[in-house]
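A.B. asks: Attaching a single structure in structure tokens format; questions to follow.
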Amino acid sequence: MGNACWELYCLEHHIQPGGTMLSTKTLGSRDDSFDTFFTETDSGKHVPRVVFVDLKPVVIDGVRTGTYRKLFHPDQLVSGKEDAANNYARGHYTVGKEMIDVVMEQIRKATDQCSDLQSFLIFHTFGGGTGSGFTSLLMEWLSIEYGKKFKLEFVVHSLSPTPVSTAVVEPYNSSPEHSGYVFMMDTFDICNRHLGIKRPTYSNLSQLIGQVVSSITASLCFNGALNVDLADFQTSLVLYPRIHFPLVTYSPIISAEKAYHEQLSVPQITSACFEPCNQMVKCDPRHGKYMACCMLYRGDVVAKDVTAAIATVKIKRTIQFVDWCPTGFKVGVNYQPPTMVPGGDLARVQRAVCMLSNTTAIVEAWSRLNHKFDLMFAKRAFVHWYVGEGMEEGDFSEARENLASLERDYEDVAMDFVEEEEGSGGY
């Protein structure tokens with residue numbers, strides 16, 4: 001996933017795999033938009049502001065020997081010698097603790113080179129031992145050292161029943177402990193349905209996630225009519241402290257073969273964002289209500305078209321918003337059109353939109369996770385592997401109660417809406 005995102009960032013900023021930028025003669029003018037994600041050295045090389053971490057060497061070795069091996073500083077690629085073996089406890093309590101000091105040192109070096117550190121973007125999975133256990137430990141340390149900085153997590157999750165799931169114990173590992181603002185993504189069905197890829201690889205899935213991340217961060221790099229700061233996500237989307245899991249939708253997701261036959265106007269891509277088939281989490285928004293939406297447009301988009309498209313969405317009966325938040329929409333418009341990876345799955349388009357929404361419908365995903373957790377924990381299946389790595393059985397009960405509390409929080413908010421409607425519907 002990191003490889004896919006940095007490949008896209010390099011293409012957006014005209015940076016070669018070796019770290020050099022195309023000359024100003026080629027580009028036509030000096031471009032400083034790279035400063036957000038890259039540091040320029042005295043020799044003119046552009047080094048990403050990133051730290052890759054894995055407890056086993058295999059994945060990081062793929063970066064060390066890949067196309068972009070000369071792009072990254074060698075110290076930024078941190079790998080251990082022992083795998084977490086899909087075990088949250090190994091990633092958090094034993095193997096992970098041996099690496100956390102090295103990782104934090106590299107993060108400090110990266111942040112010291114920032115003139116205005118705004119936030120951390122963390123890419124990980126919910127299901128694996130490193131992605132869950134070590135990331136939880138890392139988030140705990142980041143909260144201590146950088147408490148006031150925003151932490152946006154882009155998570156490949158296991159809340160949907162997809163064939164990409166690689167571990168039986170994913171329900172145990174998927175506790176959102178110490179999490180920041182979490183954007184959960186599962187792009188398997190989207191690649192299958194919209195792009196016609198029967199058996200998507202991790203590269204197919206990651207390229208789509210890269211487009212989402214690029215849309216969310218575009219306003220940090222490029223000019224626009226209505227730029228959205230990362231701090232705006234917290235203010236606009238997180239209505240209650242524990243309900244910080246926005247639903248992510250992206251449009252258009254279309255292959256080159258189909259793009260020539262589609263208009264892909266602003267109203268069309270806006271309406272598509274409210275279709276369940278374009279969502280990164282499997283849930284039916286018609287079973288809940290939207291509390292807030294952040295629409296991030298990029299490319300050939302004007303404010304007038306956006307206003308008209310949103311007005312059309314608001315009057316649709318299948319799309320329901322809460323009554324007590326009349327505004328409901330935060331809009332960003334960026335002039336930079338989406339950049340496509342050569343030979344990639346997505347068609348080159350003139351405009352796109354990424355929607356981040358806080359909806360009560362996402363409780364369906366947490367309910368599925370809790371059900372899977374209960375099935376295994378009722379038999380105490382696999383628990384001994386976690387206890388042997390430093391966890392206690394009581395930690396499972398505490399994690400389950402935390403998930404149940406999160407589910408209740410969503411249900412309570414949804415229940416308030418139902419009661420309000422029933423109370424106002426008297427004779």
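Residue numbers start at 1 in each chain; chains themselves are named A, B, ... in the order of the structure tokens; ligands are numbered from 1 in the order shown.
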Would you mind listing what lies within 10 Å of Ser214 of chain A as a PDB file with N, CA, C and O atoms, in the first residue's frame, with only C-alpha atoms counted and same-chain residues fewer than 5 positions away left out?
C.D. replies:
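Okay, result27.pdb is ready:
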ATOM      1  N   CYS A   5       0.991   4.278  -2.929  1.00  0.00           N
ATOM      2  CA  CYS A   5       0.756   5.691  -2.609  1.00  0.00           C
ATOM      3  C   CYS A   5       1.935   6.560  -3.028  1.00  0.00           C
ATOM      4  O   CYS A   5       1.749   7.628  -3.617  1.00  0.00           O
ATOM      5  N   TRP A   6       3.167   6.077  -2.759  1.00  0.00           N
ATOM      6  CA  TRP A   6       4.322   6.906  -3.103  1.00  0.00           C
ATOM      7  C   TRP A   6       4.579   6.931  -4.604  1.00  0.00           C
ATOM      8  O   TRP A   6       5.087   7.917  -5.143  1.00  0.00           O
ATOM      9  N   LEU A   8       2.154   7.072  -6.732  1.00  0.00           N
ATOM     10  CA  LEU A   8       1.190   8.078  -7.176  1.00  0.00           C
ATOM     11  C   LEU A   8       1.655   9.478  -6.819  1.00  0.00           C
ATOM     12  O   LEU A   8       1.557  10.408  -7.634  1.00  0.00           O
ATOM     13  N   TYR A   9       2.192   9.667  -5.606  1.00  0.00           N
ATOM     14  CA  TYR A   9       2.698  10.983  -5.203  1.00  0.00           C
ATOM     15  C   TYR A   9       3.843  11.429  -6.116  1.00  0.00           C
ATOM     16  O   TYR A   9       3.941  12.605  -6.482  1.00  0.00           O
ATOM     17  N   GLU A  12       2.382  12.623  -9.344  1.00  0.00           N
ATOM     18  CA  GLU A  12       1.701  13.920  -9.180  1.00  0.00           C
ATOM     19  C   GLU A  12       2.687  15.070  -9.161  1.00  0.00           C
ATOM     20  O   GLU A  12       2.387  16.167  -9.654  1.00  0.00           O
ATOM     21  N   LEU A 208      -6.193   1.803  -5.807  1.00  0.00           N
ATOM     22  CA  LEU A 208      -7.449   2.503  -5.551  1.00  0.00           C
ATOM     23  C   LEU A 208      -7.394   3.246  -4.225  1.00  0.00           C
ATOM     24  O   LEU A 208      -7.852   4.392  -4.116  1.00  0.00           O
ATOM     25  N   ILE A 209      -6.810   2.619  -3.211  1.00  0.00           N
ATOM     26  CA  ILE A 209      -6.641   3.288  -1.918  1.00  0.00           C
ATOM     27  C   ILE A 209      -5.753   4.517  -2.078  1.00  0.00           C
ATOM     28  O   ILE A 209      -6.000   5.561  -1.468  1.00  0.00           O
ATOM     29  N   SER A 219      -5.466  19.044  -1.039  1.00  0.00           N
ATOM     30  CA  SER A 219      -5.498  20.465  -0.678  1.00  0.00           C
ATOM     31  C   SER A 219      -4.230  20.906   0.055  1.00  0.00           C
ATOM     32  O   SER A 219      -3.968  22.106   0.166  1.00  0.00           O
ATOM     33  N   LEU A 220      -3.445  19.945   0.561  1.00  0.00           N
ATOM     34  CA  LEU A 220      -2.183  20.295   1.219  1.00  0.00           C
ATOM     35  C   LEU A 220      -1.104  20.642   0.198  1.00  0.00           C
ATOM     36  O   LEU A 220      -0.132  21.322   0.526  1.00  0.00           O
ATOM     37  N   CYS A 221      -1.278  20.141  -1.028  1.00  0.00           N
ATOM     38  CA  CYS A 221      -0.237  20.282  -2.050  1.00  0.00           C
ATOM     39  C   CYS A 221      -0.602  21.249  -3.162  1.00  0.00           C
ATOM     40  O   CYS A 221       0.271  21.963  -3.680  1.00  0.00           O
ATOM     41  N   PRO A 338      -7.218  14.197 -11.007  1.00  0.00           N
ATOM     42  CA  PRO A 338      -6.577  12.964 -10.540  1.00  0.00           C
ATOM     43  C   PRO A 338      -5.459  12.528 -11.494  1.00  0.00           C
ATOM     44  O   PRO A 338      -5.603  12.622 -12.710  1.00  0.00           O
ATOM     45  N   THR A 339      -4.371  12.082 -10.923  1.00  0.00           N
ATOM     46  CA  THR A 339      -3.262  11.534 -11.696  1.00  0.00           C
ATOM     47  C   THR A 339      -3.402  10.018 -11.738  1.00  0.00           C
ATOM     48  O   THR A 339      -3.646   9.394 -10.702  1.00  0.00           O
ATOM     49  N   CYS A 354     -14.127  12.493  -3.618  1.00  0.00           N
ATOM     50  CA  CYS A 354     -14.002  11.553  -2.506  1.00  0.00           C
ATOM     51  C   CYS A 354     -14.906  12.053  -1.387  1.00  0.00           C
ATOM     52  O   CYS A 354     -14.806  13.217  -0.978  1.00  0.00           O
TER      53      CYS A 354
END
A.B. asks: Within 9 Å of Thr360 of chain A, counting only C-alpha atoms, which residues qualify if same-chain residues fewer than 3 places away don't, as a PDB file with all heavy atoms, in the first residue's frame?
C.D. replies:
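The result, stored in out.pdb:
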ATOM      1  N   PRO A 285     -26.329   2.454   3.693  1.00  0.00           N
ATOM      2  CA  PRO A 285     -26.615   3.774   4.271  1.00  0.00           C
ATOM      3  C   PRO A 285     -28.104   4.080   4.367  1.00  0.00           C
ATOM      4  O   PRO A 285     -28.508   4.980   5.096  1.00  0.00           O
ATOM      5  CB  PRO A 285     -25.908   4.740   3.309  1.00  0.00           C
ATOM      6  CG  PRO A 285     -25.788   3.987   2.024  1.00  0.00           C
ATOM      7  CD  PRO A 285     -25.644   2.553   2.399  1.00  0.00           C
ATOM      8  N   HIS A 287     -30.132   2.257   5.827  1.00  0.00           N
ATOM      9  CA  HIS A 287     -30.543   1.789   7.145  1.00  0.00           C
ATOM     10  C   HIS A 287     -30.089   2.716   8.266  1.00  0.00           C
ATOM     11  O   HIS A 287     -30.265   2.408   9.439  1.00  0.00           O
ATOM     12  CB  HIS A 287     -29.987   0.375   7.406  1.00  0.00           C
ATOM     13  CG  HIS A 287     -30.543  -0.655   6.476  1.00  0.00           C
ATOM     14  ND1 HIS A 287     -29.966  -1.896   6.296  1.00  0.00           N
ATOM     15  CD2 HIS A 287     -31.622  -0.613   5.639  1.00  0.00           C
ATOM     16  CE1 HIS A 287     -30.681  -2.582   5.416  1.00  0.00           C
ATOM     17  NE2 HIS A 287     -31.676  -1.823   5.001  1.00  0.00           N
ATOM     18  N   GLY A 288     -29.468   3.820   7.901  1.00  0.00           N
ATOM     19  CA  GLY A 288     -29.021   4.792   8.905  1.00  0.00           C
ATOM     20  C   GLY A 288     -29.225   6.197   8.397  1.00  0.00           C
ATOM     21  O   GLY A 288     -29.871   6.427   7.369  1.00  0.00           O
ATOM     22  N   LYS A 289     -28.666   7.150   9.126  1.00  0.00           N
ATOM     23  CA  LYS A 289     -28.765   8.551   8.720  1.00  0.00           C
ATOM     24  C   LYS A 289     -27.378   9.186   8.709  1.00  0.00           C
ATOM     25  O   LYS A 289     -26.520   8.850   9.527  1.00  0.00           O
ATOM     26  CB  LYS A 289     -29.671   9.323   9.685  1.00  0.00           C
ATOM     27  CG  LYS A 289     -31.149   9.038   9.499  1.00  0.00           C
ATOM     28  CD  LYS A 289     -31.983  10.102  10.184  1.00  0.00           C
ATOM     29  CE  LYS A 289     -33.463   9.913   9.897  1.00  0.00           C
ATOM     30  NZ  LYS A 289     -34.285  10.999  10.451  1.00  0.00           N
ATOM     31  N   TYR A 290     -27.191  10.083   7.757  1.00  0.00           N
ATOM     32  CA  TYR A 290     -25.939  10.820   7.675  1.00  0.00           C
ATOM     33  C   TYR A 290     -25.940  11.953   8.700  1.00  0.00           C
ATOM     34  O   TYR A 290     -26.897  12.723   8.784  1.00  0.00           O
ATOM     35  CB  TYR A 290     -25.755  11.408   6.273  1.00  0.00           C
ATOM     36  CG  TYR A 290     -25.458  10.382   5.205  1.00  0.00           C
ATOM     37  CD1 TYR A 290     -26.487   9.885   4.405  1.00  0.00           C
ATOM     38  CD2 TYR A 290     -24.165   9.925   4.983  1.00  0.00           C
ATOM     39  CE1 TYR A 290     -26.229   8.950   3.414  1.00  0.00           C
ATOM     40  CE2 TYR A 290     -23.901   8.985   3.998  1.00  0.00           C
ATOM     41  CZ  TYR A 290     -24.929   8.495   3.220  1.00  0.00           C
ATOM     42  OH  TYR A 290     -24.671   7.575   2.250  1.00  0.00           O
ATOM     43  N   MET A 291     -24.856  12.024   9.460  1.00  0.00           N
ATOM     44  CA  MET A 291     -24.711  13.129  10.402  1.00  0.00           C
ATOM     45  C   MET A 291     -23.903  14.271   9.803  1.00  0.00           C
ATOM     46  O   MET A 291     -24.150  15.438  10.097  1.00  0.00           O
ATOM     47  CB  MET A 291     -24.035  12.623  11.681  1.00  0.00           C
ATOM     48  CG  MET A 291     -24.884  11.647  12.478  1.00  0.00           C
ATOM     49  SD  MET A 291     -23.998  10.952  13.890  1.00  0.00           S
ATOM     50  CE  MET A 291     -23.124   9.601  13.099  1.00  0.00           C
ATOM     51  N   VAL A 363     -22.564   1.008  11.758  1.00  0.00           N
ATOM     52  CA  VAL A 363     -22.683   0.094  12.907  1.00  0.00           C
ATOM     53  C   VAL A 363     -22.868  -1.343  12.426  1.00  0.00           C
ATOM     54  O   VAL A 363     -22.532  -2.299  13.153  1.00  0.00           O
ATOM     55  CB  VAL A 363     -23.845   0.530  13.826  1.00  0.00           C
ATOM     56  CG1 VAL A 363     -25.188   0.254  13.173  1.00  0.00           C
ATOM     57  CG2 VAL A 363     -23.764  -0.182  15.175  1.00  0.00           C
ATOM     58  N   GLU A 364     -23.380  -1.542  11.208  1.00  0.00           N
ATOM     59  CA  GLU A 364     -23.531  -2.886  10.656  1.00  0.00           C
ATOM     60  C   GLU A 364     -22.188  -3.608  10.594  1.00  0.00           C
ATOM     61  O   GLU A 364     -22.089  -4.809  10.877  1.00  0.00           O
ATOM     62  CB  GLU A 364     -24.138  -2.827   9.250  1.00  0.00           C
ATOM     63  CG  GLU A 364     -25.568  -2.319   9.193  1.00  0.00           C
ATOM     64  CD  GLU A 364     -26.070  -2.216   7.760  1.00  0.00           C
ATOM     65  OE1 GLU A 364     -25.452  -2.852   6.863  1.00  0.00           O
ATOM     66  OE2 GLU A 364     -27.057  -1.510   7.529  1.00  0.00           O
ATOM     67  N   TYR A 410     -23.310   4.057  18.532  1.00  0.00           N
ATOM     68  CA  TYR A 410     -23.949   4.284  17.233  1.00  0.00           C
ATOM     69  C   TYR A 410     -25.452   4.025  17.320  1.00  0.00           C
ATOM     70  O   TYR A 410     -26.266   4.764  16.754  1.00  0.00           O
ATOM     71  CB  TYR A 410     -23.323   3.376  16.174  1.00  0.00           C
ATOM     72  CG  TYR A 410     -22.066   3.943  15.552  1.00  0.00           C
ATOM     73  CD1 TYR A 410     -20.810   3.501  15.941  1.00  0.00           C
ATOM     74  CD2 TYR A 410     -22.142   4.916  14.564  1.00  0.00           C
ATOM     75  CE1 TYR A 410     -19.657   4.010  15.361  1.00  0.00           C
ATOM     76  CE2 TYR A 410     -21.007   5.444  13.972  1.00  0.00           C
ATOM     77  CZ  TYR A 410     -19.763   4.987  14.378  1.00  0.00           C
ATOM     78  OH  TYR A 410     -18.630   5.499  13.808  1.00  0.00           O
ATOM     79  N   GLU A 411     -25.819   2.953  18.021  1.00  0.00           N
ATOM     80  CA  GLU A 411     -27.244   2.612  18.133  1.00  0.00           C
ATOM     81  C   GLU A 411     -28.005   3.670  18.927  1.00  0.00           C
ATOM     82  O   GLU A 411     -29.155   3.983  18.606  1.00  0.00           O
ATOM     83  CB  GLU A 411     -27.396   1.240  18.793  1.00  0.00           C
ATOM     84  CG  GLU A 411     -26.965   0.093  17.881  1.00  0.00           C
ATOM     85  CD  GLU A 411     -26.966  -1.245  18.604  1.00  0.00           C
ATOM     86  OE1 GLU A 411     -27.085  -1.231  19.848  1.00  0.00           O
ATOM     87  OE2 GLU A 411     -26.839  -2.279  17.932  1.00  0.00           O
ATOM     88  N   VAL A 413     -27.302   6.893  19.122  1.00  0.00           N
ATOM     89  CA  VAL A 413     -27.484   8.067  18.264  1.00  0.00           C
ATOM     90  C   VAL A 413     -28.606   7.801  17.265  1.00  0.00           C
ATOM     91  O   VAL A 413     -29.474   8.643  17.039  1.00  0.00           O
ATOM     92  CB  VAL A 413     -26.165   8.411  17.537  1.00  0.00           C
ATOM     93  CG1 VAL A 413     -26.396   9.534  16.537  1.00  0.00           C
ATOM     94  CG2 VAL A 413     -25.101   8.813  18.523  1.00  0.00           C
ATOM     95  N   ALA A 414     -28.602   6.593  16.675  1.00  0.00           N
ATOM     96  CA  ALA A 414     -29.654   6.246  15.720  1.00  0.00           C
ATOM     97  C   ALA A 414     -31.017   6.196  16.398  1.00  0.00           C
ATOM     98  O   ALA A 414     -32.031   6.609  15.828  1.00  0.00           O
ATOM     99  CB  ALA A 414     -29.347   4.897  15.077  1.00  0.00           C
TER     100      ALA A 414
END
A.B. asks: Show which residues sit within 9 Å of Cys191 of chain A, as a PyMOL selection string. Count only C-alpha atoms, and ignore same-chain residues fewer than 3 positions away.
C.D. replies: chain A and resi 187-188+194-200+204-205+208+253+345
A.B. asks: Given the selection you just returned, output its residues as a file containing N, CA, C and O atoms, formatted as a PDB file, in the first residue's frame.
C.D. replies:
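out.pdb was written with the following content:
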ATOM      1  N   THR A 187     -11.452  -2.644  -0.726  1.00  0.00           N
ATOM      2  CA  THR A 187     -11.692  -2.331  -2.140  1.00  0.00           C
ATOM      3  C   THR A 187     -11.834  -3.580  -3.010  1.00  0.00           C
ATOM      4  O   THR A 187     -11.866  -3.477  -4.236  1.00  0.00           O
ATOM      5  N   PHE A 188     -11.933  -4.757  -2.403  1.00  0.00           N
ATOM      6  CA  PHE A 188     -11.978  -5.993  -3.183  1.00  0.00           C
ATOM      7  C   PHE A 188     -13.208  -6.033  -4.094  1.00  0.00           C
ATOM      8  O   PHE A 188     -13.095  -6.230  -5.308  1.00  0.00           O
ATOM      9  N   HIS A 194     -16.601  -2.846 -10.435  1.00  0.00           N
ATOM     10  CA  HIS A 194     -16.465  -1.669 -11.296  1.00  0.00           C
ATOM     11  C   HIS A 194     -15.353  -1.785 -12.330  1.00  0.00           C
ATOM     12  O   HIS A 194     -15.433  -1.185 -13.409  1.00  0.00           O
ATOM     13  N   LEU A 195     -14.279  -2.495 -11.987  1.00  0.00           N
ATOM     14  CA  LEU A 195     -13.130  -2.553 -12.874  1.00  0.00           C
ATOM     15  C   LEU A 195     -13.012  -3.894 -13.604  1.00  0.00           C
ATOM     16  O   LEU A 195     -12.120  -4.077 -14.432  1.00  0.00           O
ATOM     17  N   GLY A 196     -13.909  -4.816 -13.268  1.00  0.00           N
ATOM     18  CA  GLY A 196     -13.921  -6.096 -13.959  1.00  0.00           C
ATOM     19  C   GLY A 196     -12.727  -6.978 -13.667  1.00  0.00           C
ATOM     20  O   GLY A 196     -12.359  -7.828 -14.488  1.00  0.00           O
ATOM     21  N   ILE A 197     -12.086  -6.784 -12.510  1.00  0.00           N
ATOM     22  CA  ILE A 197     -10.929  -7.605 -12.132  1.00  0.00           C
ATOM     23  C   ILE A 197     -11.437  -8.784 -11.312  1.00  0.00           C
ATOM     24  O   ILE A 197     -11.875  -8.612 -10.168  1.00  0.00           O
ATOM     25  N   LYS A 198     -11.376  -9.961 -11.874  1.00  0.00           N
ATOM     26  CA  LYS A 198     -11.946 -11.142 -11.215  1.00  0.00           C
ATOM     27  C   LYS A 198     -11.221 -11.470  -9.917  1.00  0.00           C
ATOM     28  O   LYS A 198     -11.835 -11.772  -8.893  1.00  0.00           O
ATOM     29  N   ARG A 199      -9.910 -11.444  -9.967  1.00  0.00           N
ATOM     30  CA  ARG A 199      -9.102 -11.776  -8.794  1.00  0.00           C
ATOM     31  C   ARG A 199      -8.117 -10.643  -8.527  1.00  0.00           C
ATOM     32  O   ARG A 199      -6.954 -10.703  -8.933  1.00  0.00           O
ATOM     33  N   PRO A 200      -8.561  -9.597  -7.854  1.00  0.00           N
ATOM     34  CA  PRO A 200      -7.682  -8.450  -7.601  1.00  0.00           C
ATOM     35  C   PRO A 200      -6.467  -8.831  -6.765  1.00  0.00           C
ATOM     36  O   PRO A 200      -6.566  -9.603  -5.810  1.00  0.00           O
ATOM     37  N   ASN A 204      -3.681  -4.045  -7.186  1.00  0.00           N
ATOM     38  CA  ASN A 204      -4.954  -3.487  -7.655  1.00  0.00           C
ATOM     39  C   ASN A 204      -5.677  -2.769  -6.527  1.00  0.00           C
ATOM     40  O   ASN A 204      -6.187  -1.647  -6.698  1.00  0.00           O
ATOM     41  N   LEU A 205      -5.730  -3.412  -5.366  1.00  0.00           N
ATOM     42  CA  LEU A 205      -6.430  -2.837  -4.219  1.00  0.00           C
ATOM     43  C   LEU A 205      -5.737  -1.571  -3.737  1.00  0.00           C
ATOM     44  O   LEU A 205      -6.386  -0.569  -3.419  1.00  0.00           O
ATOM     45  N   LEU A 208      -6.193   1.803  -5.807  1.00  0.00           N
ATOM     46  CA  LEU A 208      -7.449   2.503  -5.551  1.00  0.00           C
ATOM     47  C   LEU A 208      -7.394   3.246  -4.225  1.00  0.00           C
ATOM     48  O   LEU A 208      -7.852   4.392  -4.116  1.00  0.00           O
ATOM     49  N   ILE A 253     -15.141   5.356 -10.190  1.00  0.00           N
ATOM     50  CA  ILE A 253     -14.268   4.181 -10.266  1.00  0.00           C
ATOM     51  C   ILE A 253     -14.662   3.464 -11.549  1.00  0.00           C
ATOM     52  O   ILE A 253     -15.662   2.755 -11.597  1.00  0.00           O
ATOM     53  N   ASP A 345      -5.425   0.427 -13.402  1.00  0.00           N
ATOM     54  CA  ASP A 345      -6.780  -0.061 -13.675  1.00  0.00           C
ATOM     55  C   ASP A 345      -7.776   1.062 -13.958  1.00  0.00           C
ATOM     56  O   ASP A 345      -8.750   0.864 -14.672  1.00  0.00           O
TER      57      ASP A 345
END
A.B. asks: Compile a residue-level contact table for segment 228-330 of chain A against segment 366-378 of chain A at a cut-off of 12 Å, reporting for every qualifying residue the shortest atom pair and its distance in Å to one decimal, with only C-alpha atoms counted, rows ordered by chain and ascending number, as CSV.
C.D. replies:
residue,atom,partner,partner_atom,distance
A:Ile243,CA,A:Trp366,CA,11.9
A:Phe245,CA,A:Trp366,CA,10.6
A:Val281,CA,A:Trp366,CA,10.5
A:Lys282,CA,A:Arg368,CA,10.2
A:Cys283,CA,A:Trp366,CA,10.0
A.B. asks: If DSSP is run on the backbone, what residues of segment 321-390 of chain A are strand (DSSP E or B)? A reply as a PyMOL selection string would be ideal.
C.D. replies: chain A and resi 321+329-334+351-359
A.B. asks: When distances are computed from only C-alpha atoms, which of A:Pro176, A:Gln263, A:Asn227, A:Ala167 shows the smallest separation from Glu140 of chain A?
C.D. replies: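 Between A:Pro176, A:Gln263, A:Asn227, A:Ala167, the residue approaching Glu140 of chain A most closely is A:Pro176.
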A.B. asks: I'd like the interatomic distance between atom CA of Phe396 of chain A and atom CA of Gly131 of chain A, to a tenth of an Å.
C.D. replies: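 Computing the Euclidean distance for atom CA of Phe396 of chain A and atom CA of Gly131 of chain A yields 17.9 Å.
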A.B. asks: Which residues, written as a list in words, have at least one atom at most 10 Å from Ala85 of chain A, with only C-alpha atoms counted and residues fewer than 5 positions away on the same chain left out?
C.D. replies: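 Near Ala85 of chain A, the qualifying residues are Leu55, Lys56, Arg90, Gly91, Gly128, Gly129, Thr130 and Ala167 of chain A.
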A.B. asks: Got time to write the residues from that selection, all heavy atoms, as an mmCIF file, in the first residue's frame?
C.D. replies:
data_model
loop_
_atom_site.group_PDB
_atom_site.id
_atom_site.type_symbol
_atom_site.label_atom_id
_atom_site.label_comp_id
_atom_site.auth_asym_id
_atom_site.auth_seq_id
_atom_site.Cartn_x
_atom_site.Cartn_y
_atom_site.Cartn_z
ATOM 1 N N LEU A 55 7.642 -6.022 11.151
ATOM 2 C CA LEU A 55 8.395 -6.838 12.094
ATOM 3 C C LEU A 55 9.160 -7.960 11.397
ATOM 4 O O LEU A 55 10.052 -8.550 11.985
ATOM 5 C CB LEU A 55 7.459 -7.421 13.166
ATOM 6 C CG LEU A 55 6.730 -6.385 14.034
ATOM 7 C CD1 LEU A 55 5.889 -7.075 15.096
ATOM 8 C CD2 LEU A 55 7.705 -5.421 14.689
ATOM 9 N N LYS A 56 8.793 -8.266 10.163
ATOM 10 C CA LYS A 56 9.533 -9.262 9.397
ATOM 11 C C LYS A 56 10.191 -8.559 8.204
ATOM 12 O O LYS A 56 9.703 -7.524 7.738
ATOM 13 C CB LYS A 56 8.611 -10.384 8.932
ATOM 14 C CG LYS A 56 7.488 -9.943 8.016
ATOM 15 C CD LYS A 56 6.600 -11.116 7.644
ATOM 16 C CE LYS A 56 5.429 -10.649 6.773
ATOM 17 N NZ LYS A 56 4.501 -11.752 6.458
ATOM 18 N N ARG A 90 1.940 -10.429 20.168
ATOM 19 C CA ARG A 90 3.340 -10.390 19.736
ATOM 20 C C ARG A 90 3.702 -9.011 19.183
ATOM 21 O O ARG A 90 4.791 -8.494 19.434
ATOM 22 C CB ARG A 90 3.602 -11.460 18.669
ATOM 23 C CG ARG A 90 3.730 -12.864 19.220
ATOM 24 C CD ARG A 90 3.868 -13.882 18.098
ATOM 25 N NE ARG A 90 5.104 -13.726 17.349
ATOM 26 C CZ ARG A 90 6.283 -14.208 17.717
ATOM 27 N NH1 ARG A 90 6.395 -14.876 18.857
ATOM 28 N NH2 ARG A 90 7.345 -14.044 16.955
ATOM 29 N N GLY A 91 2.791 -8.421 18.431
ATOM 30 C CA GLY A 91 3.055 -7.106 17.867
ATOM 31 C C GLY A 91 3.074 -6.004 18.905
ATOM 32 O O GLY A 91 3.782 -5.010 18.768
ATOM 33 N N GLY A 128 -3.749 -8.221 10.893
ATOM 34 C CA GLY A 128 -2.469 -8.855 11.169
ATOM 35 C C GLY A 128 -1.900 -8.494 12.524
ATOM 36 O O GLY A 128 -2.373 -7.571 13.188
ATOM 37 N N GLY A 129 -0.855 -9.201 12.916
ATOM 38 C CA GLY A 129 -0.231 -8.934 14.213
ATOM 39 C C GLY A 129 0.505 -7.610 14.257
ATOM 40 O O GLY A 129 0.418 -6.859 15.226
ATOM 41 N N THR A 130 1.239 -7.308 13.168
ATOM 42 C CA THR A 130 1.955 -6.025 13.106
ATOM 43 C C THR A 130 0.972 -4.879 12.886
ATOM 44 O O THR A 130 1.045 -3.849 13.558
ATOM 45 C CB THR A 130 2.996 -6.042 11.961
ATOM 46 O OG1 THR A 130 3.881 -7.151 12.135
ATOM 47 C CG2 THR A 130 3.803 -4.758 11.961
ATOM 48 N N ALA A 167 -6.124 -14.180 7.880
ATOM 49 C CA ALA A 167 -5.926 -14.766 9.203
ATOM 50 C C ALA A 167 -7.259 -15.132 9.840
ATOM 51 O O ALA A 167 -8.220 -14.358 9.777
ATOM 52 C CB ALA A 167 -5.166 -13.796 10.110
#
A.B. asks: Rank A:Thr65, A:Ala110, A:Glu105, A:Asp232 by their smallest atom-to-atom distance to Val47 of chain A, using only C-alpha atoms, and report the top residue only.
C.D. replies: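 Of A:Thr65, A:Ala110, A:Glu105, A:Asp232, the one nearest Val47 of chain A is A:Ala110, counting only C-alpha atoms.
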A.B. asks: Figure out the distance between atom CA of Pro74 of chain A and atom CA of Asp61 of chain A, please, to one decimal in Å.
C.D. replies: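 Computing it gives 11.0 Å between the two atoms.
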A.B. asks: Write out as a count of residues only the residues lying within 12 Å of Asp32 of chain A, counting only C-alpha atoms and excluding same-chain residues fewer than 6 positions away.
C.D. replies: 14
A.B. asks: Write down as a ChimeraX atom specification the residues of segment 213-424 of chain A whose backbone DSSP state falls under helix (DSSP H, G or I).
C.D. replies: /A:213-221,230-237,256-259,266-272,276-278,285-287,303-314,360-377,383-387,393-423
A.B. asks: Can you tell me how far atom CA of Asp83 of chain A sits from atom CA of Tyr172 of chain A, in Å to one decimal?
C.D. replies: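 Separating atom CA of Asp83 of chain A from atom CA of Tyr172 of chain A is a distance of 17.5 Å.
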A.B. asks: If you count only C-alpha atoms, which residues fall within 9 Å of Gly2 of chain A, apart from same-chain ones fewer than 4 positions away, as a list in words?
C.D. replies: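 So the residues in contact are Trp6, Glu7, Phe52, Phe123, Ser206 and Gly210 of chain A.
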